[in-house]
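Listing of start.txt, compact mmCIF, C-alpha atoms and all ligand atoms
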```txt
# COMPACT_ATOMS: atom_id res chain seq x y z
CA MET A 27 -12.41 20.12 -10.59
CA THR A 28 -10.75 16.76 -11.07
CA ALA A 29 -9.14 14.32 -8.67
CA GLU A 30 -6.44 13.65 -11.29
CA VAL A 31 -4.28 16.58 -10.21
CA HIS A 32 -3.63 17.72 -6.64
CA LEU A 33 -3.48 21.50 -6.14
CA HIS A 34 -2.29 22.85 -2.80
CA THR A 35 -0.32 25.67 -1.29
CA HIS A 36 2.44 25.23 1.26
CA GLY A 37 3.22 28.61 2.74
CA ARG A 38 4.24 30.83 -0.18
CA VAL A 39 4.50 28.00 -2.73
CA GLY A 40 1.83 26.63 -5.07
CA HIS A 41 2.10 22.87 -5.63
CA VAL A 42 0.77 21.06 -8.73
CA SER A 43 0.99 17.29 -8.39
CA LEU A 44 -0.16 15.04 -11.22
CA ALA A 45 -2.28 12.17 -9.89
CA ARG A 46 -3.37 9.88 -12.69
CA PRO A 47 -1.08 6.93 -11.94
CA LYS A 48 -2.93 4.35 -14.06
CA ALA A 49 -1.97 6.38 -17.17
CA LEU A 50 1.52 7.42 -15.99
CA HIS A 51 -0.02 10.86 -15.30
CA ALA A 52 -0.78 11.53 -18.98
CA LEU A 53 -2.69 14.83 -19.18
CA THR A 54 -6.44 15.03 -19.72
CA GLN A 55 -8.32 18.19 -20.64
CA ALA A 56 -9.75 18.38 -17.11
CA MET A 57 -6.24 18.19 -15.64
CA CYS A 58 -4.99 20.97 -17.95
CA GLU A 59 -7.95 23.21 -17.09
CA ALA A 60 -7.60 22.60 -13.34
CA MET A 61 -3.86 23.37 -13.47
CA SER A 62 -4.44 26.54 -15.48
CA GLU A 63 -7.12 27.76 -13.07
CA ALA A 64 -4.80 27.25 -10.08
CA LEU A 65 -1.84 28.85 -11.85
CA LEU A 66 -3.91 31.90 -12.83
CA GLY A 67 -4.99 32.30 -9.20
CA TRP A 68 -1.45 31.95 -7.83
CA ARG A 69 -0.08 34.29 -10.49
CA ASP A 70 -2.23 37.11 -9.15
CA ASP A 71 -1.90 36.17 -5.45
CA PRO A 72 0.81 38.25 -3.75
CA GLN A 73 1.14 35.56 -1.05
CA ILE A 74 2.48 33.06 -3.61
CA GLU A 75 6.15 33.34 -4.64
CA ALA A 76 6.86 30.17 -6.63
CA VAL A 77 5.27 27.01 -8.05
CA LEU A 78 6.35 23.35 -7.94
CA ILE A 79 5.19 20.74 -10.49
CA ASP A 80 5.66 17.02 -9.81
CA HIS A 81 3.74 13.74 -9.73
CA ALA A 82 1.96 12.42 -6.66
CA GLU A 83 2.12 8.64 -6.52
CA GLY A 84 3.71 5.71 -8.28
CA ARG A 85 6.04 6.11 -11.21
CA GLY A 86 6.38 9.53 -12.88
CA PHE A 87 6.50 11.98 -14.31
CA CYS A 88 4.05 12.38 -17.22
CA ALA A 89 3.76 10.02 -20.20
CA GLY A 90 2.03 12.47 -22.51
CA GLY A 91 -1.52 13.42 -23.28
CA ASP A 92 -4.87 11.73 -23.60
CA VAL A 93 -4.24 10.36 -27.07
CA ALA A 94 -6.90 7.66 -26.66
CA LEU A 95 -9.53 10.37 -26.29
CA VAL A 96 -8.13 12.31 -29.26
CA ARG A 97 -8.24 9.17 -31.42
CA ARG A 98 -11.84 8.42 -30.41
CA SER A 99 -12.79 12.01 -31.15
CA ALA A 100 -11.23 11.87 -34.62
CA LEU A 101 -13.16 8.70 -35.43
CA GLU A 102 -16.47 9.64 -33.79
CA ASP A 103 -17.08 13.40 -33.57
CA GLY A 104 -15.00 14.92 -36.37
CA GLY A 105 -12.26 15.87 -33.90
CA ALA A 106 -14.10 18.48 -31.83
CA ALA A 107 -13.19 16.92 -28.48
CA GLY A 108 -9.60 16.38 -29.58
CA ARG A 109 -9.21 20.00 -30.63
CA ALA A 110 -10.71 21.13 -27.30
CA PHE A 111 -8.08 19.06 -25.48
CA PHE A 112 -5.16 20.51 -27.48
CA PHE A 113 -6.58 24.04 -27.10
CA ALA A 114 -6.61 23.67 -23.30
CA GLU A 115 -3.23 21.93 -23.14
CA TYR A 116 -1.49 24.58 -25.26
CA ARG A 117 -3.05 27.37 -23.14
CA LEU A 118 -1.48 25.70 -20.10
CA ASN A 119 1.86 25.39 -21.90
CA HIS A 120 1.78 29.09 -22.83
CA LEU A 121 0.67 30.17 -19.33
CA LEU A 122 3.70 28.39 -17.87
CA PHE A 123 6.04 29.85 -20.52
CA THR A 124 4.93 33.40 -19.66
CA TYR A 125 4.55 32.81 -15.90
CA PRO A 126 5.91 35.75 -13.90
CA LYS A 127 6.95 33.67 -10.86
CA PRO A 128 9.61 30.95 -10.77
CA VAL A 129 8.39 27.42 -11.54
CA ALA A 130 10.32 24.24 -10.69
CA ALA A 131 9.39 21.00 -12.50
CA PHE A 132 10.57 17.60 -11.22
CA MET A 133 11.03 15.23 -14.18
CA ASP A 134 11.48 12.17 -11.97
CA GLY A 135 10.53 9.45 -14.47
CA MET A 136 9.01 9.23 -17.94
CA THR A 137 8.75 12.72 -19.43
CA MET A 138 7.18 12.50 -22.86
CA GLY A 139 4.94 14.74 -24.95
CA GLY A 140 2.56 16.45 -22.54
CA GLY A 141 5.13 16.10 -19.76
CA VAL A 142 7.65 17.99 -21.86
CA GLY A 143 5.10 20.76 -22.37
CA ILE A 144 4.71 21.40 -18.63
CA SER A 145 8.39 21.01 -17.71
CA GLN A 146 10.33 22.84 -20.45
CA PRO A 147 8.70 26.22 -19.77
CA ALA A 148 9.79 25.98 -16.12
CA LYS A 149 12.80 28.07 -15.04
CA TYR A 150 14.10 25.13 -12.96
CA ARG A 151 13.93 21.67 -14.55
CA VAL A 152 15.14 18.87 -12.32
CA ALA A 153 16.28 15.54 -13.77
CA THR A 154 17.07 12.42 -11.74
CA GLU A 155 18.38 8.88 -12.27
CA ASN A 156 14.76 7.98 -13.19
CA THR A 157 14.31 10.56 -15.96
CA LEU A 158 13.46 9.23 -19.42
CA PHE A 159 12.77 12.12 -21.74
CA ALA A 160 11.45 11.80 -25.29
CA MET A 161 9.30 13.29 -28.01
CA PRO A 162 8.00 9.96 -29.41
CA GLU A 163 5.11 11.21 -31.56
CA GLY A 164 6.62 9.72 -34.72
CA ALA A 165 5.62 6.32 -33.30
CA ILE A 166 1.93 7.30 -33.29
CA GLY A 167 1.74 9.49 -36.41
CA LEU A 168 1.23 12.71 -34.48
CA PHE A 169 3.95 15.42 -34.37
CA PRO A 170 6.18 16.99 -31.70
CA ASP A 171 3.87 19.53 -30.06
CA VAL A 172 3.46 21.30 -26.68
CA GLY A 173 6.09 23.83 -27.80
CA ALA A 174 8.61 21.32 -29.18
CA GLY A 175 8.85 23.53 -32.26
CA TRP A 176 10.30 26.19 -29.93
CA TYR A 177 12.46 24.09 -27.60
CA LEU A 178 13.99 21.45 -29.88
CA PRO A 179 15.45 23.70 -32.60
CA ARG A 180 17.07 25.73 -29.78
CA LEU A 181 19.09 22.76 -28.52
CA LYS A 182 22.73 22.61 -29.55
CA GLY A 183 23.53 21.40 -33.05
CA ARG A 184 20.93 19.05 -34.49
CA ALA A 185 19.96 17.29 -31.24
CA GLY A 186 16.36 18.44 -31.66
CA ALA A 187 15.95 17.04 -35.17
CA PHE A 188 17.59 13.81 -33.98
CA MET A 189 15.15 13.49 -31.07
CA ALA A 190 12.08 14.18 -33.21
CA LEU A 191 13.03 11.81 -36.04
CA THR A 192 14.28 8.89 -33.93
CA GLY A 193 12.12 9.29 -30.78
CA ALA A 194 15.36 8.88 -28.80
CA ARG A 195 14.92 8.54 -25.03
CA LEU A 196 17.34 10.72 -23.08
CA ASP A 197 18.24 9.89 -19.50
CA GLY A 198 18.68 12.49 -16.79
CA ALA A 199 22.38 13.04 -17.45
CA GLU A 200 21.68 13.52 -21.16
CA CYS A 201 18.90 16.00 -20.35
CA LEU A 202 21.37 18.02 -18.26
CA TRP A 203 23.94 17.90 -21.08
CA ALA A 204 21.33 19.08 -23.61
CA GLY A 205 19.96 21.87 -21.40
CA LEU A 206 16.56 20.17 -21.17
CA ALA A 207 17.27 19.97 -17.42
CA THR A 208 18.90 22.69 -15.31
CA HIS A 209 19.76 20.43 -12.35
CA TYR A 210 20.46 16.74 -11.66
CA LEU A 211 19.47 15.35 -8.26
CA GLN A 212 19.31 11.86 -6.84
CA SER A 213 15.60 11.09 -6.47
CA GLU A 214 16.14 10.35 -2.76
CA ARG A 215 16.90 14.07 -2.26
CA LEU A 216 13.71 15.36 -3.96
CA ALA A 217 11.52 15.37 -0.85
CA GLU A 218 14.12 17.45 0.98
CA ALA A 219 14.47 19.79 -1.99
CA LYS A 220 10.70 20.42 -2.18
CA ALA A 221 10.40 20.92 1.59
CA ARG A 222 13.24 23.43 1.62
CA ILE A 223 11.82 25.30 -1.37
CA ALA A 224 8.42 25.49 0.34
CA ASP A 225 10.22 26.93 3.38
CA ARG A 226 12.38 29.44 1.40
CA PRO A 227 10.96 29.94 -2.09
CA SER A 228 13.32 32.85 -2.81
CA GLU A 229 16.27 30.42 -2.61
CA ILE A 230 15.28 27.79 -5.20
CA ALA A 231 18.51 28.11 -7.19
CA ALA A 232 20.75 27.74 -4.14
CA ILE A 233 18.72 24.84 -2.73
CA LEU A 234 18.82 22.88 -6.00
CA ALA A 235 22.52 23.63 -6.46
CA GLU A 236 23.32 22.44 -2.95
CA LEU A 237 21.36 19.18 -3.34
CA SER A 238 22.65 18.44 -6.85
CA ALA A 239 24.59 15.25 -7.55
CA GLU A 240 27.35 14.60 -10.06
CA PRO A 241 25.54 12.99 -13.04
CA PRO A 242 26.98 9.98 -14.86
CA ALA A 243 28.50 10.63 -18.30
CA ALA A 244 25.97 11.70 -20.94
CA ARG A 245 26.04 9.05 -23.69
CA ILE A 246 24.61 11.46 -26.27
CA ALA A 247 27.68 13.70 -25.91
CA GLY A 248 29.75 10.98 -27.57
CA ASN A 249 27.38 10.99 -30.55
CA ALA A 250 26.95 14.76 -30.88
CA GLU A 251 29.39 15.10 -33.77
CA ARG A 252 27.63 12.49 -35.92
CA ILE A 253 24.17 13.72 -34.90
CA ASP A 254 25.08 17.20 -36.13
CA ARG A 255 26.60 15.82 -39.35
CA LEU A 256 24.04 13.16 -40.29
CA PHE A 257 20.90 15.06 -39.20
CA ALA A 258 22.11 18.37 -40.65
CA SER A 259 19.55 18.65 -43.46
CA ASP A 260 15.97 19.89 -43.22
CA SER A 261 15.15 17.28 -45.91
CA LEU A 262 14.08 13.86 -44.60
CA GLU A 263 15.33 12.16 -47.76
CA GLU A 264 18.78 13.79 -47.31
CA ILE A 265 18.99 12.70 -43.66
CA ILE A 266 18.09 9.12 -44.63
CA ALA A 267 20.69 9.18 -47.42
CA ALA A 268 23.33 10.47 -44.99
CA LEU A 269 22.54 7.67 -42.48
CA GLU A 270 22.61 5.07 -45.28
CA GLY A 271 26.01 6.36 -46.37
CA ASP A 272 27.60 6.09 -42.93
CA PRO A 273 29.32 2.78 -42.11
CA SER A 274 28.82 2.89 -38.31
CA ASP A 275 26.53 0.55 -36.34
CA TRP A 276 25.18 3.68 -34.69
CA ALA A 277 23.99 5.08 -38.04
CA ALA A 278 22.39 1.74 -38.98
CA LYS A 279 20.46 1.66 -35.70
CA GLU A 280 19.27 5.28 -36.03
CA LEU A 281 18.38 4.71 -39.72
CA LYS A 282 16.03 1.95 -38.59
CA ALA A 283 14.53 4.22 -35.93
CA VAL A 284 13.92 7.00 -38.48
CA THR A 285 12.48 4.78 -41.22
CA THR A 286 10.05 2.87 -38.99
CA LYS A 287 8.44 6.11 -37.75
CA CYS A 288 5.64 7.94 -39.54
CA PRO A 289 7.05 9.69 -42.65
CA THR A 290 4.50 12.51 -42.47
CA THR A 291 5.38 13.16 -38.81
CA ALA A 292 9.07 13.44 -39.74
CA LYS A 293 8.49 15.92 -42.57
CA VAL A 294 6.08 17.97 -40.47
CA ALA A 295 8.66 18.09 -37.63
CA LEU A 296 11.51 19.27 -39.88
CA ARG A 297 9.39 22.09 -41.34
CA GLU A 298 7.92 22.93 -37.90
CA PHE A 299 11.44 23.30 -36.44
CA ALA A 300 12.71 25.36 -39.39
CA GLU A 301 9.77 27.74 -38.96
CA GLY A 302 9.95 27.70 -35.15
CA ALA A 303 13.68 28.38 -34.81
CA PRO A 304 13.58 32.12 -35.65
CA ARG A 305 10.31 32.92 -33.83
CA THR A 306 10.35 35.56 -31.09
CA ASP A 307 6.83 35.00 -29.73
CA PHE A 308 5.86 31.70 -28.06
CA ALA A 309 2.15 32.40 -28.66
CA GLU A 310 2.88 32.36 -32.41
CA GLU A 311 4.51 28.97 -31.97
CA MET A 312 1.49 27.54 -30.16
CA ARG A 313 -0.88 29.01 -32.74
CA ALA A 314 1.14 27.25 -35.47
CA GLU A 315 1.26 23.95 -33.54
CA TYR A 316 -2.50 24.02 -32.95
CA ARG A 317 -3.00 24.16 -36.71
CA LEU A 318 -0.78 21.09 -37.05
CA ALA A 319 -2.64 19.31 -34.24
CA ALA A 320 -6.04 20.01 -35.83
CA ARG A 321 -4.85 18.41 -39.10
CA MET A 322 -2.60 15.62 -37.83
CA MET A 323 -5.17 14.20 -35.39
CA LEU A 324 -7.60 13.60 -38.27
CA ARG A 325 -5.13 11.75 -40.50
CA SER A 326 -5.36 7.97 -40.65
CA ASP A 327 -1.70 7.69 -39.52
CA PHE A 328 -2.66 8.92 -36.05
CA ALA A 329 -5.51 6.40 -35.58
CA GLU A 330 -3.19 3.70 -36.94
CA GLY A 331 -0.22 4.71 -34.78
CA VAL A 332 -2.23 4.78 -31.54
CA ARG A 333 -3.72 1.43 -32.53
CA ALA A 334 -0.29 -0.10 -33.13
CA VAL A 335 1.43 1.33 -30.02
CA LEU A 336 -1.24 1.73 -27.35
CA ILE A 337 -4.29 -0.39 -28.32
CA ASP A 338 -3.19 -3.59 -30.09
CA LYS A 339 0.46 -3.09 -29.06
CA ASP A 340 1.69 -4.93 -32.16
CA ASN A 341 4.10 -2.06 -32.92
CA ALA A 342 3.48 -2.66 -36.62
CA PRO A 343 1.81 0.51 -37.93
CA ARG A 344 1.01 0.74 -41.65
CA TRP A 345 1.76 4.36 -42.56
CA ASN A 346 0.04 6.12 -45.46
CA PRO A 347 2.02 7.42 -47.29
CA ALA A 348 4.46 4.65 -46.35
CA ALA A 349 7.62 6.30 -47.73
CA PRO A 350 9.10 9.81 -47.47
CA GLU A 351 8.73 10.37 -51.22
CA GLY A 352 4.96 9.97 -50.83
CA VAL A 353 4.70 12.99 -48.50
CA THR A 354 4.38 15.90 -50.92
CA ALA A 355 4.98 19.61 -50.42
CA GLU A 356 1.30 20.15 -51.25
CA ALA A 357 0.19 17.78 -48.50
CA LEU A 358 2.45 19.64 -46.03
CA ASP A 359 1.06 22.99 -47.16
CA GLU A 360 -2.45 21.80 -46.26
CA ILE A 361 -1.29 20.63 -42.81
CA PHE A 362 0.42 23.99 -42.11
CA ALA A 363 -2.35 26.21 -43.54
CA PRO A 364 -4.18 28.67 -41.27
CA LEU A 365 -7.48 27.55 -39.77
CA PRO A 366 -10.73 29.34 -40.58
CA ALA A 367 -11.18 32.61 -38.67
CA GLY A 368 -12.67 31.84 -35.28
CA GLU A 369 -11.07 28.38 -35.09
CA GLU A 370 -7.48 29.48 -34.43
CA TRP A 371 -5.77 28.97 -31.05
CA SER A 372 -5.38 31.90 -28.69
CA PRO A 373 -3.67 32.26 -25.28
CA PHE A 374 -5.47 33.22 -22.08
CA PRO A 375 -6.37 36.91 -22.20
CA ALA A 376 -3.66 38.97 -20.44
C1 LIG A 401 4.29 7.92 -28.59
C2 LIG A 401 3.54 8.91 -28.04
C3 LIG A 401 2.78 8.71 -26.88
C4 LIG A 401 2.84 7.44 -26.29
C5 LIG A 401 3.62 6.45 -26.83
C6 LIG A 401 4.35 6.70 -27.98
C7 LIG A 401 1.96 9.71 -26.28
C8 LIG A 401 1.20 9.36 -25.12
C9 LIG A 401 1.30 8.08 -24.58
C10 LIG A 401 0.56 7.59 -23.45
C11 LIG A 401 1.08 6.58 -22.66
C12 LIG A 401 0.35 6.06 -21.59
C13 LIG A 401 -0.90 6.51 -21.33
C14 LIG A 401 -1.45 7.51 -22.12
C15 LIG A 401 -0.72 8.04 -23.17
O1 LIG A 401 2.12 7.17 -25.16
O2 LIG A 401 1.89 10.87 -26.76
O3 LIG A 401 -2.69 7.96 -21.85
O4 LIG A 401 -1.64 5.99 -20.31
O5 LIG A 401 0.40 10.29 -24.57
O6 LIG A 401 5.11 5.73 -28.53
O7 LIG A 401 3.48 10.12 -28.63
```

Represent the structure contained in this file as structure tokens.
Amino acid sequence: MTAEVHLHTHGRVGHVSLARPKALHALTQAMCEAMSEALLGWRDDPQIEAVLIDHAEGRGFCAGGDVALVRRSALEDGGAAGRAFFFAEYRLNHLLFTYPKPVAAFMDGMTMGGGVGISQPAKYRVATENTLFAMPEGAIGLFPDVGAGWYLPRLKGRAGAFMALTGARLDGAECLWAGLATHYLQSERLAEAKARIADRPSEIAAILAELSAEPPAARIAGNAERIDRLFASDSLEEIIAALEGDPSDWAAKELKAVTTKCPTTAKVALREFAEGAPRTDFAEEMRAEYRLAARMMLRSDFAEGVRAVLIDKDNAPRWNPAAPEGVTAEALDEIFAPLPAGEEWSPFPA
């Protein structure tokens, strides 16, 4: 057990509350395993009707995963500890995706990476005026994981490709517009919402609807047409050419966002989304993403990206390859290749 996640029941509701405030509740392996153990117990407990996921103290909701540990593992133990973390995290993601009881996730703050993986599989996804939602892995040379290859290509138009390639941060109103959130509440109503759900877990939908607020206008809606047009291709070079050819200030700003991120991350994301879009089995998605994680965590871009963003904070990563043209189809094939038998990801046994 770990003190970094609080696990309680209130009447007929299981409550998962992230409690690692010094790291903005970024997920560790111990947190993932403790959450999974509780969720498996509640799944099979007829006294439990629903589950709530939120953060306990300080700012929320969940900034990602334990990338410092993964980086250390890549440099010091060949990646074994990093793979063990992703294996446990993706099992939690899949358990939530297949959970037979309603889950409500409260994305009241930063919701990045690992936080996306534990909120998107929830039936009810609550955004607030504090929500900042992103898949920013291009900044650290990783790739959009935790099921992003399932969720993002299912968003309308090319919003998913736009988010992965630019690392765009969506606010709560934009999350509601995109379908990443199902409800928008003022954060001051969250305590009442959770208390009423704990009291009447069969009425989650009505409770959230009743406490919902009118969100402000979603800025991204005004850019949807050009997102769909300029990010239409599955080729990174074609997307960059389209942005270069557009005269708007918006395109110039997004071109800079795309071209300062890791080129290998961008090409992996576009292929990941193309392969993930037609899938019918989420376990297949997580098996594919685990292969990507096992390869991407060992590349020098990941050590360099975490150094630049989280360790030295100079925000000046030196990517290798540095340009899209340097990322070959052969290099991608190696990143996407199956793992040796016995090393592949698998979900919890049914
Ligand atoms: C891109 C990312 C991550 C990030 C910053 C990026 C990420 C992640 C964290 C993070 C932040 C605070 C912590 C922590 C991790 O930051 O995935 O442990 O305390 O986990 O620009 O992908």

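Take the candidates A:Gln212, A:Asn341, A:Asn249, A:Ser145 and check each one against Asp275 (chain A) using all atoms listed in the file; the shortest distance goes to A:Asn249.
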
For this session: Show which residues sit within 12 Å of region 337-340 of chain A, as a list in words. Count only C-alpha atoms, and ignore same-chain residues fewer than 2 positions away.
Result: Val93, Ala94, Arg97, Arg98, Ala165, Ile166, Ala329, Glu330, Gly331, Val332, Arg333, Ala334, Val335, Ala342, Pro343 and Arg344 of chain A

For this session: Show me which residues sit within 7 Å of ligand LIG 401 (chain A) when counting all atoms listed in the file, and put them as number ranges by chain.
Result: A: 48-50, 52, 89-94, 138-140, 161-166, 168, 335-336

For this session: Find the spatial neighbours of region 110-119 of chain A, counting all atoms listed in the file, within a cut-off of 7 Å - ignore same-chain residues fewer than 4 positions away - and output them as a PyMOL selection string.
Result: chain A and resi 55+58-59+62+106+123+143-144+172+312+371+373-374

Exercise. Closest to Arg226 (chain A) among A:Pro47, A:His32, A:Gly271, A:Ala76, using all atoms listed in the file?
Worked result: A:Ala76

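Closest to Thr157 (chain A) among A:Gly183, A:Asp171, A:Gly193, A:Ala207 is A:Ala207, based on only C-alpha atoms.
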
Neighbours of point (13.0, 16.3, -4.2) within 7 Å, using only C-alpha atoms, written as a short mmCIF file (atom, residue, chain, number, x, y, z; two decimals) with C-alpha atoms, keeping the file's coordinate frame:
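Full text of out09.cif as output:
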```cif
data_model
loop_
_atom_site.label_atom_id
_atom_site.label_comp_id
_atom_site.auth_asym_id
_atom_site.auth_seq_id
_atom_site.Cartn_x
_atom_site.Cartn_y
_atom_site.Cartn_z
CA SER A 213 15.60 11.09 -6.47
CA GLU A 214 16.14 10.35 -2.76
CA ARG A 215 16.90 14.07 -2.26
CA LEU A 216 13.71 15.36 -3.96
CA ALA A 217 11.52 15.37 -0.85
CA GLU A 218 14.12 17.45 0.98
CA ALA A 219 14.47 19.79 -1.99
CA LYS A 220 10.70 20.42 -2.18
#
```

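Coordinates place CA of Met61 (chain A) at a distance of 20.3 Å from CA of Arg313 (chain A).
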
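Reported to one decimal place, the separation of CA of Ala160 (chain A) from CA of Val39 (chain A) is 28.6 Å.
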
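Taking only C-alpha atoms, the non-local environment of Val31 (chain A) within 12 Å (same-chain residues fewer than 6 positions away omitted) comprises His41, Val42, Ser43, Leu44, Ala45, Arg46, Pro47, His51, Ala52, Leu53, Thr54, Gln55, Ala56, Met57, Cys58, Glu59, Ala60, Met61, Ser62, Glu63, Ala64, Ile79, Asp80, His81, Ala82, Glu83 and Cys88 of chain A.
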
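Of the residues under consideration (A:Leu256, A:Leu211, A:Ala190, A:Leu33), A:Leu211 shows the shortest atom-to-atom contact distance to Phe132 (chain A) when counting only C-alpha atoms.
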
Please write C-alpha atoms of region 282-360 of chain A, from the structure given just now, as an mmCIF file, in the first residue's frame.
```
data_model
loop_
_atom_site.group_PDB
_atom_site.id
_atom_site.type_symbol
_atom_site.label_atom_id
_atom_site.label_comp_id
_atom_site.auth_asym_id
_atom_site.auth_seq_id
_atom_site.Cartn_x
_atom_site.Cartn_y
_atom_site.Cartn_z
ATOM 1 C CA LYS A 282 6.431 26.724 -34.173
ATOM 2 C CA ALA A 283 4.749 24.426 -31.649
ATOM 3 C CA VAL A 284 4.943 21.458 -34.036
ATOM 4 C CA THR A 285 8.539 22.018 -35.146
ATOM 5 C CA THR A 286 9.993 22.510 -31.661
ATOM 6 C CA LYS A 287 8.587 19.162 -30.461
ATOM 7 C CA CYS A 288 10.324 15.816 -30.911
ATOM 8 C CA PRO A 289 10.081 14.741 -34.587
ATOM 9 C CA THR A 290 10.086 11.037 -33.718
ATOM 10 C CA THR A 291 7.226 11.555 -31.239
ATOM 11 C CA ALA A 292 5.179 13.294 -33.947
ATOM 12 C CA LYS A 293 5.672 10.544 -36.524
ATOM 13 C CA VAL A 294 4.984 7.823 -33.957
ATOM 14 C CA ALA A 295 1.766 9.618 -32.919
ATOM 15 C CA LEU A 296 0.453 9.954 -36.487
ATOM 16 C CA ARG A 297 1.030 6.257 -37.207
ATOM 17 C CA GLU A 298 -0.290 5.251 -33.758
ATOM 18 C CA PHE A 299 -3.542 7.177 -34.399
ATOM 19 C CA ALA A 300 -3.949 5.794 -37.926
ATOM 20 C CA GLU A 301 -3.590 2.261 -36.563
ATOM 21 C CA GLY A 302 -5.688 2.965 -33.456
ATOM 22 C CA ALA A 303 -8.658 4.586 -35.202
ATOM 23 C CA PRO A 304 -10.214 1.391 -36.618
ATOM 24 C CA ARG A 305 -9.510 -0.853 -33.606
ATOM 25 C CA THR A 306 -12.434 -2.557 -31.869
ATOM 26 C CA ASP A 307 -10.565 -3.906 -28.822
ATOM 27 C CA PHE A 308 -8.994 -1.547 -26.260
ATOM 28 C CA ALA A 309 -6.672 -4.313 -25.029
ATOM 29 C CA GLU A 310 -5.149 -4.423 -28.521
ATOM 30 C CA GLU A 311 -4.558 -0.683 -28.290
ATOM 31 C CA MET A 312 -2.769 -0.987 -24.955
ATOM 32 C CA ARG A 313 -0.687 -3.910 -26.207
ATOM 33 C CA ALA A 314 0.411 -1.740 -29.158
ATOM 34 C CA GLU A 315 1.140 1.277 -26.932
ATOM 35 C CA TYR A 316 3.224 -0.837 -24.545
ATOM 36 C CA ARG A 317 5.451 -1.798 -27.464
ATOM 37 C CA LEU A 318 5.893 1.902 -28.245
ATOM 38 C CA ALA A 319 6.605 2.699 -24.591
ATOM 39 C CA ALA A 320 9.244 -0.037 -24.338
ATOM 40 C CA ARG A 321 11.083 1.440 -27.354
ATOM 41 C CA MET A 322 10.502 5.167 -26.862
ATOM 42 C CA MET A 323 11.662 5.216 -23.222
ATOM 43 C CA LEU A 324 15.080 3.879 -24.276
ATOM 44 C CA ARG A 325 15.681 6.458 -27.022
ATOM 45 C CA SER A 326 17.999 9.359 -26.263
ATOM 46 C CA ASP A 327 15.198 11.838 -27.117
ATOM 47 C CA PHE A 328 13.312 10.814 -23.973
ATOM 48 C CA ALA A 329 16.292 11.292 -21.621
ATOM 49 C CA GLU A 330 17.005 14.589 -23.383
ATOM 50 C CA GLY A 331 13.388 15.791 -23.295
ATOM 51 C CA VAL A 332 12.942 15.071 -19.580
ATOM 52 C CA ARG A 333 16.282 16.781 -18.964
ATOM 53 C CA ALA A 334 15.229 19.883 -20.895
ATOM 54 C CA VAL A 335 11.690 20.178 -19.460
ATOM 55 C CA LEU A 336 11.784 18.729 -15.949
ATOM 56 C CA ILE A 337 15.435 18.558 -14.782
ATOM 57 C CA ASP A 338 17.433 21.505 -16.169
ATOM 58 C CA LYS A 339 14.255 23.329 -17.263
ATOM 59 C CA ASP A 340 16.112 25.064 -20.108
ATOM 60 C CA ASN A 341 13.363 24.008 -22.550
ATOM 61 C CA ALA A 342 16.050 23.583 -25.205
ATOM 62 C CA PRO A 343 16.067 19.876 -26.103
ATOM 63 C CA ARG A 344 18.407 18.678 -28.857
ATOM 64 C CA TRP A 345 16.399 16.043 -30.743
ATOM 65 C CA ASN A 346 18.071 13.215 -32.655
ATOM 66 C CA PRO A 347 17.034 13.020 -35.453
ATOM 67 C CA ALA A 348 16.500 16.785 -35.340
ATOM 68 C CA ALA A 349 14.271 17.052 -38.439
ATOM 69 C CA PRO A 350 11.242 15.096 -39.686
ATOM 70 C CA GLU A 351 13.141 13.871 -42.752
ATOM 71 C CA GLY A 352 15.592 12.100 -40.429
ATOM 72 C CA VAL A 353 12.865 9.865 -38.967
ATOM 73 C CA THR A 354 12.734 6.975 -41.423
ATOM 74 C CA ALA A 355 10.032 4.391 -42.059
ATOM 75 C CA GLU A 356 12.544 1.730 -41.006
ATOM 76 C CA ALA A 357 13.122 3.428 -37.649
ATOM 77 C CA LEU A 358 9.342 3.578 -37.110
ATOM 78 C CA ASP A 359 8.977 -0.093 -38.037
ATOM 79 C CA GLU A 360 11.430 -0.993 -35.256
#
```
